[in-house]
>>> print(open('entry_35.csv').read())   # CSV, C-alpha atoms
chain,number,residue,atom,x,y,z
Y,34,MET,CA,-28.4,-6.9,-2.2
Y,35,ALA,CA,-28.3,-4.0,-4.6
Y,36,THR,CA,-29.5,-4.6,-8.1
Y,37,LEU,CA,-28.7,-2.7,-11.2
Y,38,PHE,CA,-31.2,-3.1,-14.0
Y,39,VAL,CA,-31.0,-1.5,-17.4
Y,40,PRO,CA,-33.7,-2.2,-19.9
Y,41,ILE,CA,-32.6,-1.8,-23.6
Y,42,SER,CA,-35.4,-1.5,-26.0
Y,43,GLN,CA,-35.4,-1.6,-29.8
Y,44,LYS,CA,-38.1,-0.3,-32.1
Y,45,LEU,CA,-38.7,-1.9,-35.5
Y,46,SER,CA,-39.3,1.4,-37.3
Y,47,SER,CA,-36.0,3.0,-36.3
Y,48,PRO,CA,-32.5,1.9,-37.5
Y,49,VAL,CA,-30.8,3.9,-34.7
Y,50,TYR,CA,-30.7,2.2,-31.3
Y,51,SER,CA,-30.2,4.2,-28.1
Y,52,LEU,CA,-30.6,3.7,-24.4
Y,53,PRO,CA,-33.9,5.0,-23.0
Y,54,GLU,CA,-33.7,8.3,-21.2
Y,55,ARG,CA,-35.2,6.8,-18.1
Y,56,ARG,CA,-32.6,4.9,-16.1
Y,57,ARG,CA,-32.6,3.8,-12.5
Y,58,PHE,CA,-29.3,3.2,-10.7
Y,59,PRO,CA,-29.9,2.3,-7.0
Y,60,ALA,CA,-26.8,3.4,-5.1
Y,61,PRO,CA,-24.9,0.4,-3.9
Y,62,GLY,CA,-23.3,0.2,-0.5
Y,63,LEU,CA,-19.6,-0.2,-0.3
Y,64,HIS,CA,-19.8,-3.7,1.1
Y,65,SER,CA,-23.1,-4.9,-0.5
Y,66,PRO,CA,-22.9,-7.5,-3.2
Y,67,ILE,CA,-24.1,-6.2,-6.6
Y,68,ARG,CA,-26.1,-8.2,-9.1
Y,69,ILE,CA,-26.1,-6.7,-12.6
Y,70,SER,CA,-29.0,-7.7,-14.9
Y,71,CYS,CA,-29.1,-6.5,-18.5
Y,72,SER,CA,-32.1,-7.2,-20.6
Y,73,GLY,CA,-32.9,-6.6,-24.2
Y,74,THR,CA,-36.3,-6.7,-25.8
Y,75,THR,CA,-37.5,-6.3,-29.3
Y,76,ASP,CA,-40.9,-5.1,-30.5
Y,77,GLY,CA,-41.8,-7.8,-33.0
Y,78,ALA,CA,-39.6,-9.6,-35.6
Y,79,VAL,CA,-36.5,-7.8,-36.7
Y,80,PRO,CA,-34.0,-8.6,-39.5
Y,81,LYS,CA,-31.0,-10.8,-38.5
Y,82,GLU,CA,-28.5,-8.0,-39.2
Y,83,SER,CA,-30.4,-5.6,-37.0
Y,84,LEU,CA,-30.7,-8.1,-34.3
Y,85,THR,CA,-26.9,-8.7,-34.3
Y,86,GLN,CA,-26.3,-4.9,-34.0
Y,87,PHE,CA,-28.8,-4.8,-31.2
Y,88,LYS,CA,-27.0,-7.6,-29.3
Y,89,GLU,CA,-23.7,-5.9,-29.7
Y,90,LEU,CA,-25.1,-2.7,-28.3
Y,91,ARG,CA,-26.6,-4.5,-25.4
Y,92,ASN,CA,-23.3,-6.3,-24.6
Y,93,LEU,CA,-21.4,-3.0,-24.8
Y,94,ALA,CA,-23.8,-1.2,-22.5
Y,95,CYS,CA,-23.8,-4.2,-20.1
Y,96,GLY,CA,-20.0,-4.1,-20.0
Y,97,ILE,CA,-19.9,-0.4,-19.3
Y,98,LEU,CA,-22.4,-0.8,-16.5
Y,99,ALA,CA,-20.4,-3.7,-15.0
Y,100,ALA,CA,-17.2,-1.6,-14.9
Y,101,TRP,CA,-19.1,1.3,-13.2
Y,102,ALA,CA,-20.6,-1.1,-10.6
Y,103,VAL,CA,-17.2,-2.6,-9.7
Y,104,THR,CA,-15.7,0.9,-9.3
Y,105,ALA,CA,-18.5,2.2,-7.3
Y,106,ALA,CA,-18.7,-0.8,-5.0
Y,107,SER,CA,-14.9,-1.2,-4.3
Y,108,PRO,CA,-13.4,1.0,-1.6
Y,109,VAL,CA,-10.2,2.8,-2.5
Y,110,VAL,CA,-7.6,0.9,-0.4
Y,111,ALA,CA,-4.4,2.4,-1.9
Y,112,ALA,CA,-5.3,6.0,-1.1
Y,113,THR,CA,-4.9,5.6,2.6
Y,114,GLN,CA,-3.5,2.8,4.8
Y,115,ARG,CA,-5.7,1.9,7.7
Y,116,LEU,CA,-3.9,0.8,10.8
Y,117,PRO,CA,-5.4,-1.1,13.7
Y,118,PRO,CA,-6.2,0.7,17.0
Y,119,LEU,CA,-3.2,1.3,19.3
Y,120,SER,CA,-2.6,-1.8,21.4
Y,121,THR,CA,-3.7,-1.6,25.0
Y,122,GLU,CA,-1.2,-4.1,26.2
Y,123,PRO,CA,0.6,-2.6,29.2
Y,124,ASN,CA,4.1,-3.7,28.2
Y,125,ARG,CA,3.7,-3.4,24.4
Y,126,CYS,CA,6.9,-1.4,24.0
Y,127,GLU,CA,8.9,-4.2,25.6
Y,128,ARG,CA,7.6,-6.5,22.8
Y,129,ALA,CA,10.4,-5.1,20.6
Y,130,PHE,CA,13.0,-6.8,22.9
Y,131,VAL,CA,11.4,-10.1,22.1
Y,132,GLY,CA,10.4,-9.5,18.5
Y,133,ASN,CA,8.7,-12.1,16.4
Y,134,THR,CA,9.2,-15.7,17.3
Y,135,ILE,CA,8.0,-16.9,13.9
Y,136,GLY,CA,8.3,-15.5,10.4
Y,137,GLN,CA,10.8,-13.0,9.0
Y,138,ALA,CA,11.0,-12.4,5.3
Y,139,ASN,CA,7.3,-12.4,4.5
Y,140,GLY,CA,6.2,-10.3,7.4
Y,141,VAL,CA,4.5,-13.2,9.2
Y,142,TYR,CA,4.1,-12.9,12.9
Y,143,ASP,CA,2.7,-14.8,15.9
Y,144,LYS,CA,1.6,-11.5,17.6
Y,145,VAL,CA,1.3,-7.9,16.4
Y,146,VAL,CA,4.4,-5.9,17.3
Y,147,ASP,CA,2.9,-2.5,18.1
Y,148,LEU,CA,5.7,-0.1,18.8
Y,149,ARG,CA,3.9,3.2,17.9
Y,150,PHE,CA,5.0,6.1,20.1
Y,151,CYS,CA,7.5,4.0,22.0
Y,152,ASP,CA,10.9,5.5,22.9
Y,153,TYR,CA,14.0,3.5,22.4
Y,154,THR,CA,16.5,6.4,22.3
Y,155,ASN,CA,20.1,5.2,22.6
Y,156,GLU,CA,19.0,1.6,23.1
Y,157,LYS,CA,22.2,-0.3,22.6
Y,158,ASN,CA,21.5,-3.8,23.7
Y,159,ASN,CA,18.0,-5.1,23.3
Y,160,LEU,CA,17.1,-4.4,19.7
Y,161,LYS,CA,20.2,-5.8,17.9
Y,162,GLY,CA,19.4,-8.9,15.7
Y,163,LYS,CA,15.7,-8.9,16.6
Y,164,SER,CA,13.0,-9.8,14.1
Y,165,LEU,CA,10.4,-7.0,13.8
Y,166,ALA,CA,8.5,-8.3,10.9
Y,167,ALA,CA,5.3,-6.3,10.1
Y,168,ALA,CA,6.0,-4.1,13.2
Y,169,LEU,CA,4.0,-0.9,13.6
Y,170,MET,CA,6.6,1.7,14.3
Y,171,SER,CA,5.1,5.0,13.3
Y,172,ASP,CA,6.0,8.0,15.5
Y,173,ALA,CA,8.3,5.9,17.6
Y,174,LYS,CA,11.9,7.1,18.5
Y,175,PHE,CA,14.9,5.0,17.8
Y,176,ASP,CA,17.5,7.8,17.9
Y,177,GLY,CA,21.0,6.5,18.4
Y,178,ALA,CA,19.8,2.9,18.8
Y,179,ASP,CA,21.8,-0.2,17.7
Y,180,MET,CA,19.5,-2.0,15.3
Y,181,SER,CA,22.2,-3.8,13.5
Y,182,GLU,CA,21.2,-7.2,12.0
Y,183,VAL,CA,17.5,-6.6,12.6
Y,184,VAL,CA,14.9,-8.0,10.2
Y,185,MET,CA,12.2,-5.5,9.5
Y,186,SER,CA,10.2,-7.1,6.7
Y,187,LYS,CA,7.0,-5.2,5.8
Y,188,ALA,CA,7.4,-2.9,8.8
Y,189,TYR,CA,5.4,0.4,8.9
Y,190,ALA,CA,7.7,3.2,10.1
Y,191,VAL,CA,6.0,6.3,8.8
Y,192,GLY,CA,7.0,9.4,10.8
Y,193,ALA,CA,9.3,7.5,13.1
Y,194,SER,CA,12.7,8.9,14.2
Y,195,PHE,CA,15.9,7.0,13.5
Y,196,LYS,CA,18.5,9.8,13.9
Y,197,GLY,CA,21.9,8.1,14.1
Y,198,THR,CA,20.4,4.6,14.2
Y,199,ASP,CA,22.8,1.8,13.3
Y,200,PHE,CA,21.2,-0.5,10.7
Y,201,SER,CA,24.4,-2.3,9.7
Y,202,ASN,CA,23.8,-5.8,8.2
Y,203,ALA,CA,20.1,-5.4,8.7
Y,204,VAL,CA,17.3,-6.6,6.4
Y,205,LEU,CA,14.9,-3.8,5.8
Y,206,ASP,CA,12.6,-5.4,3.3
Y,207,ARG,CA,9.6,-3.5,2.1
Y,208,VAL,CA,9.7,-1.1,5.0
Y,209,ASN,CA,7.7,2.2,4.7
Y,210,PHE,CA,10.0,5.0,5.9
Y,211,GLY,CA,7.7,7.7,4.6
Y,212,LYS,CA,8.4,11.1,6.4
Y,213,ALA,CA,10.8,9.4,8.8
Y,214,ASN,CA,13.8,11.2,10.3
Y,215,LEU,CA,16.8,9.2,9.2
Y,216,ARG,CA,19.5,11.9,9.6
Y,217,GLY,CA,22.9,10.3,10.2
Y,218,ALA,CA,21.5,6.7,10.0
Y,219,LEU,CA,24.0,4.0,9.1
Y,220,PHE,CA,23.0,1.6,6.4
Y,221,LYS,CA,26.2,-0.4,6.0
Y,222,ASN,CA,25.8,-3.6,4.1
Y,223,THR,CA,22.1,-3.2,4.6
Y,224,VAL,CA,19.4,-4.8,2.5
Y,225,LEU,CA,16.8,-2.2,1.4
Y,226,SER,CA,14.8,-4.2,-1.1
Y,227,GLY,CA,11.4,-2.6,-1.8
Y,228,SER,CA,11.7,-0.1,1.0
Y,229,THR,CA,10.3,3.4,0.4
Y,230,PHE,CA,11.6,6.8,1.7
Y,231,GLU,CA,9.0,9.3,0.5
Y,232,GLU,CA,9.6,12.7,2.1
Y,233,ALA,CA,12.0,11.1,4.6
Y,234,GLN,CA,14.9,13.1,6.0
Y,235,LEU,CA,18.2,11.5,4.9
Y,236,GLU,CA,20.8,14.2,5.6
Y,237,ASP,CA,24.2,12.6,6.4
Y,238,ALA,CA,22.8,9.1,6.2
Y,239,VAL,CA,25.5,6.6,5.2
Y,240,PHE,CA,24.7,4.0,2.5
Y,241,GLU,CA,28.0,2.1,2.4
Y,242,ASP,CA,27.8,-1.3,0.5
Y,243,THR,CA,24.0,-1.1,0.6
Y,244,ILE,CA,22.1,-3.8,-1.3
Y,245,ILE,CA,19.2,-2.3,-3.2
Y,246,GLY,CA,17.3,-2.9,-6.4
Y,247,TYR,CA,17.7,-0.7,-9.4
Y,248,ILE,CA,14.1,0.7,-9.4
Y,249,ASP,CA,14.3,1.2,-5.6
Y,250,LEU,CA,17.6,3.0,-6.1
Y,251,LEU,CA,16.1,5.4,-8.7
Y,252,LYS,CA,13.3,6.3,-6.3
Y,253,LEU,CA,15.7,6.8,-3.4
Y,254,CYS,CA,18.0,9.0,-5.5
Y,255,THR,CA,15.1,11.5,-6.0
Y,256,ASN,CA,15.2,12.4,-2.3
Y,257,THR,CA,16.7,15.9,-2.2
Y,258,THR,CA,17.8,15.6,1.4
Y,259,LEU,CA,20.5,13.0,0.5
Y,260,SER,CA,24.0,14.3,1.2
Y,261,ASP,CA,26.7,14.2,-1.5
Y,262,GLU,CA,28.4,11.4,0.4
Y,263,GLY,CA,25.2,9.4,0.5
Y,264,ARG,CA,24.6,9.9,-3.2
Y,265,ALA,CA,28.1,8.8,-3.9
Y,266,PHE,CA,27.7,5.6,-2.0
Y,267,LEU,CA,24.4,4.9,-3.7
Y,268,GLY,CA,25.8,5.8,-7.1
Y,269,CYS,CA,23.0,8.3,-7.8
Y,270,ARG,CA,23.5,10.2,-11.1
>>> encode(input="entry_35.csv", output="structure tokens")
Amino acid sequence: MATLFVPISQKLSSPVYSLPERRRFPAPGLHSPIRISCSGTTDGAVPKESLTQFKELRNLACGILAAWAVTAASPVVAATQRLPPLSTEPNRCERAFVGNTIGQANGVYDKVVDLRFCDYTNEKNNLKGKSLAAALMSDAKFDGADMSEVVMSKAYAVGASFKGTDFSNAVLDRVNFGKANLRGALFKNTVLSGSTFEEAQLEDAVFEDTIIGYIDLLKLCTNTTLSDEGRAFLGCR
């Protein structure tokens, strides 16, 4: 257990209170619990007004130290998204044809659907209507596939290829399509709530009757690869 201890002393003869120059901050580990102990001592009796000021200074220093400790001890999760190791299951790519047997909208699953690097090019029969909640799909190929009516809640599809993929009537809720190739993809009557398309390729993608939130729409419209037709369907200004 790492301990942060800051002594704060007050001298009777001086009306100005300052932290001592000598401070020790043992470096905390990322996963070690931290105990913060702040102490204040006075050299003899002091006036009530001075004691109040001293307590305020002590509390302020303790608050600053606590904020520093939490920042130093908490790993930055949002900067990068850590994915589990690639599944070693021999037939893991065939898992997409079964999908999730429980859970849909909240990304709940009975077993991880790891489809990374799998190839479903021109798959017209086995993906339609499947639940792929929380599926790992980065760097997979779905070019020309029929994925109509699929449920892809909280799926991770960064860097995947969906050229000409049919997403008609699908629910793509909170899907990460960052840097994905979606050229010519068909989003007809598709729910795109909370999905992100940062640096995705959207040339000739069709967004006819797409259901999307206002904030999500504003973000999507910033994508410079959208065709004029796509922007018109979305109502981008």
>>> residues_around(input="entry_35.csv", residues="Cys126 of chain Y", least_positions_apart="4", cutoff="12 Å", atoms="only C-alpha atoms", output="PyMOL selection string")
chain Y and resi 119-122+130-132+145-153+159-160+168-170+173-175
>>> closest_atom_pairs(input="entry_35.csv", of="segment 148-236 of chain Y", to="segment 240-256 of chain Y", cutoff="8 Å", atoms="all atoms listed in the file", output="JSON lines")
{"residue": "Y:Leu219", "atom": "CA", "partner": "Y:Phe240", "partner_atom": "CA", "distance": 6.6}
{"residue": "Y:Phe220", "atom": "CA", "partner": "Y:Phe240", "partner_atom": "CA", "distance": 4.9}
{"residue": "Y:Lys221", "atom": "CA", "partner": "Y:Glu241", "partner_atom": "CA", "distance": 4.7}
{"residue": "Y:Asn222", "atom": "CA", "partner": "Y:Thr243", "partner_atom": "CA", "distance": 4.7}
{"residue": "Y:Thr223", "atom": "CA", "partner": "Y:Thr243", "partner_atom": "CA", "distance": 4.9}
{"residue": "Y:Val224", "atom": "CA", "partner": "Y:Ile244", "partner_atom": "CA", "distance": 4.8}
{"residue": "Y:Leu225", "atom": "CA", "partner": "Y:Ile245", "partner_atom": "CA", "distance": 5.2}
{"residue": "Y:Ser226", "atom": "CA", "partner": "Y:Ile245", "partner_atom": "CA", "distance": 5.2}
{"residue": "Y:Gly227", "atom": "CA", "partner": "Y:Asp249", "partner_atom": "CA", "distance": 6.1}
{"residue": "Y:Ser228", "atom": "CA", "partner": "Y:Asp249", "partner_atom": "CA", "distance": 7.2}
{"residue": "Y:Thr229", "atom": "CA", "partner": "Y:Leu253", "partner_atom": "CA", "distance": 7.4}
{"residue": "Y:Phe230", "atom": "CA", "partner": "Y:Leu253", "partner_atom": "CA", "distance": 6.5}
{"residue": "Y:Glu231", "atom": "CA", "partner": "Y:Asn256", "partner_atom": "CA", "distance": 7.5}
{"residue": "Y:Glu232", "atom": "CA", "partner": "Y:Asn256", "partner_atom": "CA", "distance": 7.1}
{"residue": "Y:Ala233", "atom": "CA", "partner": "Y:Asn256", "partner_atom": "CA", "distance": 7.7}
{"residue": "Y:Leu235", "atom": "CA", "partner": "Y:Asn256", "partner_atom": "CA", "distance": 7.9}
>>> write_last_selection(input="entry_35.csv", atoms="C-alpha atoms", output="PDB file, keeping the file's coordinate frame")
ATOM      1  CA  LEU Y 219      24.000   4.000   9.100  1.00  0.00           C
ATOM      2  CA  PHE Y 220      23.000   1.600   6.400  1.00  0.00           C
ATOM      3  CA  LYS Y 221      26.200  -0.400   6.000  1.00  0.00           C
ATOM      4  CA  ASN Y 222      25.800  -3.600   4.100  1.00  0.00           C
ATOM      5  CA  THR Y 223      22.100  -3.200   4.600  1.00  0.00           C
ATOM      6  CA  VAL Y 224      19.400  -4.800   2.500  1.00  0.00           C
ATOM      7  CA  LEU Y 225      16.800  -2.200   1.400  1.00  0.00           C
ATOM      8  CA  SER Y 226      14.800  -4.200  -1.100  1.00  0.00           C
ATOM      9  CA  GLY Y 227      11.400  -2.600  -1.800  1.00  0.00           C
ATOM     10  CA  SER Y 228      11.700  -0.100   1.000  1.00  0.00           C
ATOM     11  CA  THR Y 229      10.300   3.400   0.400  1.00  0.00           C
ATOM     12  CA  PHE Y 230      11.600   6.800   1.700  1.00  0.00           C
ATOM     13  CA  GLU Y 231       9.000   9.300   0.500  1.00  0.00           C
ATOM     14  CA  GLU Y 232       9.600  12.700   2.100  1.00  0.00           C
ATOM     15  CA  ALA Y 233      12.000  11.100   4.600  1.00  0.00           C
ATOM     16  CA  LEU Y 235      18.200  11.500   4.900  1.00  0.00           C
TER      17      LEU Y 235
END
>>> atom_distance(input="entry_35.csv", atom1="atom CA of Lys163 of chain Y", atom2="atom CA of Ser186 of chain Y")
11.5 Å
>>> residues_around(input="entry_35.csv", residues="Gly197 of chain Y", least_positions_apart="6", cutoff="6 Å", atoms="only C-alpha atoms", output="number ranges by chain")
Y: 176-177, 217-218
>>> atom_distance(input="entry_35.csv", atom1="atom CA of Leu116 of chain Y", atom2="atom CA of Asp172 of chain Y")
13.1 Å
>>> atom_distance(input="entry_35.csv", atom1="atom CA of Leu267 of chain Y", atom2="atom CA of Glu236 of chain Y")
13.6 Å
>>> closest_residue(input="entry_35.csv", among="Y:Asp206, Y:Asp199, Y:Asp179, Y:Glu127", to="Ala166 of chain Y", atoms="only C-alpha atoms")
Y:Asp206
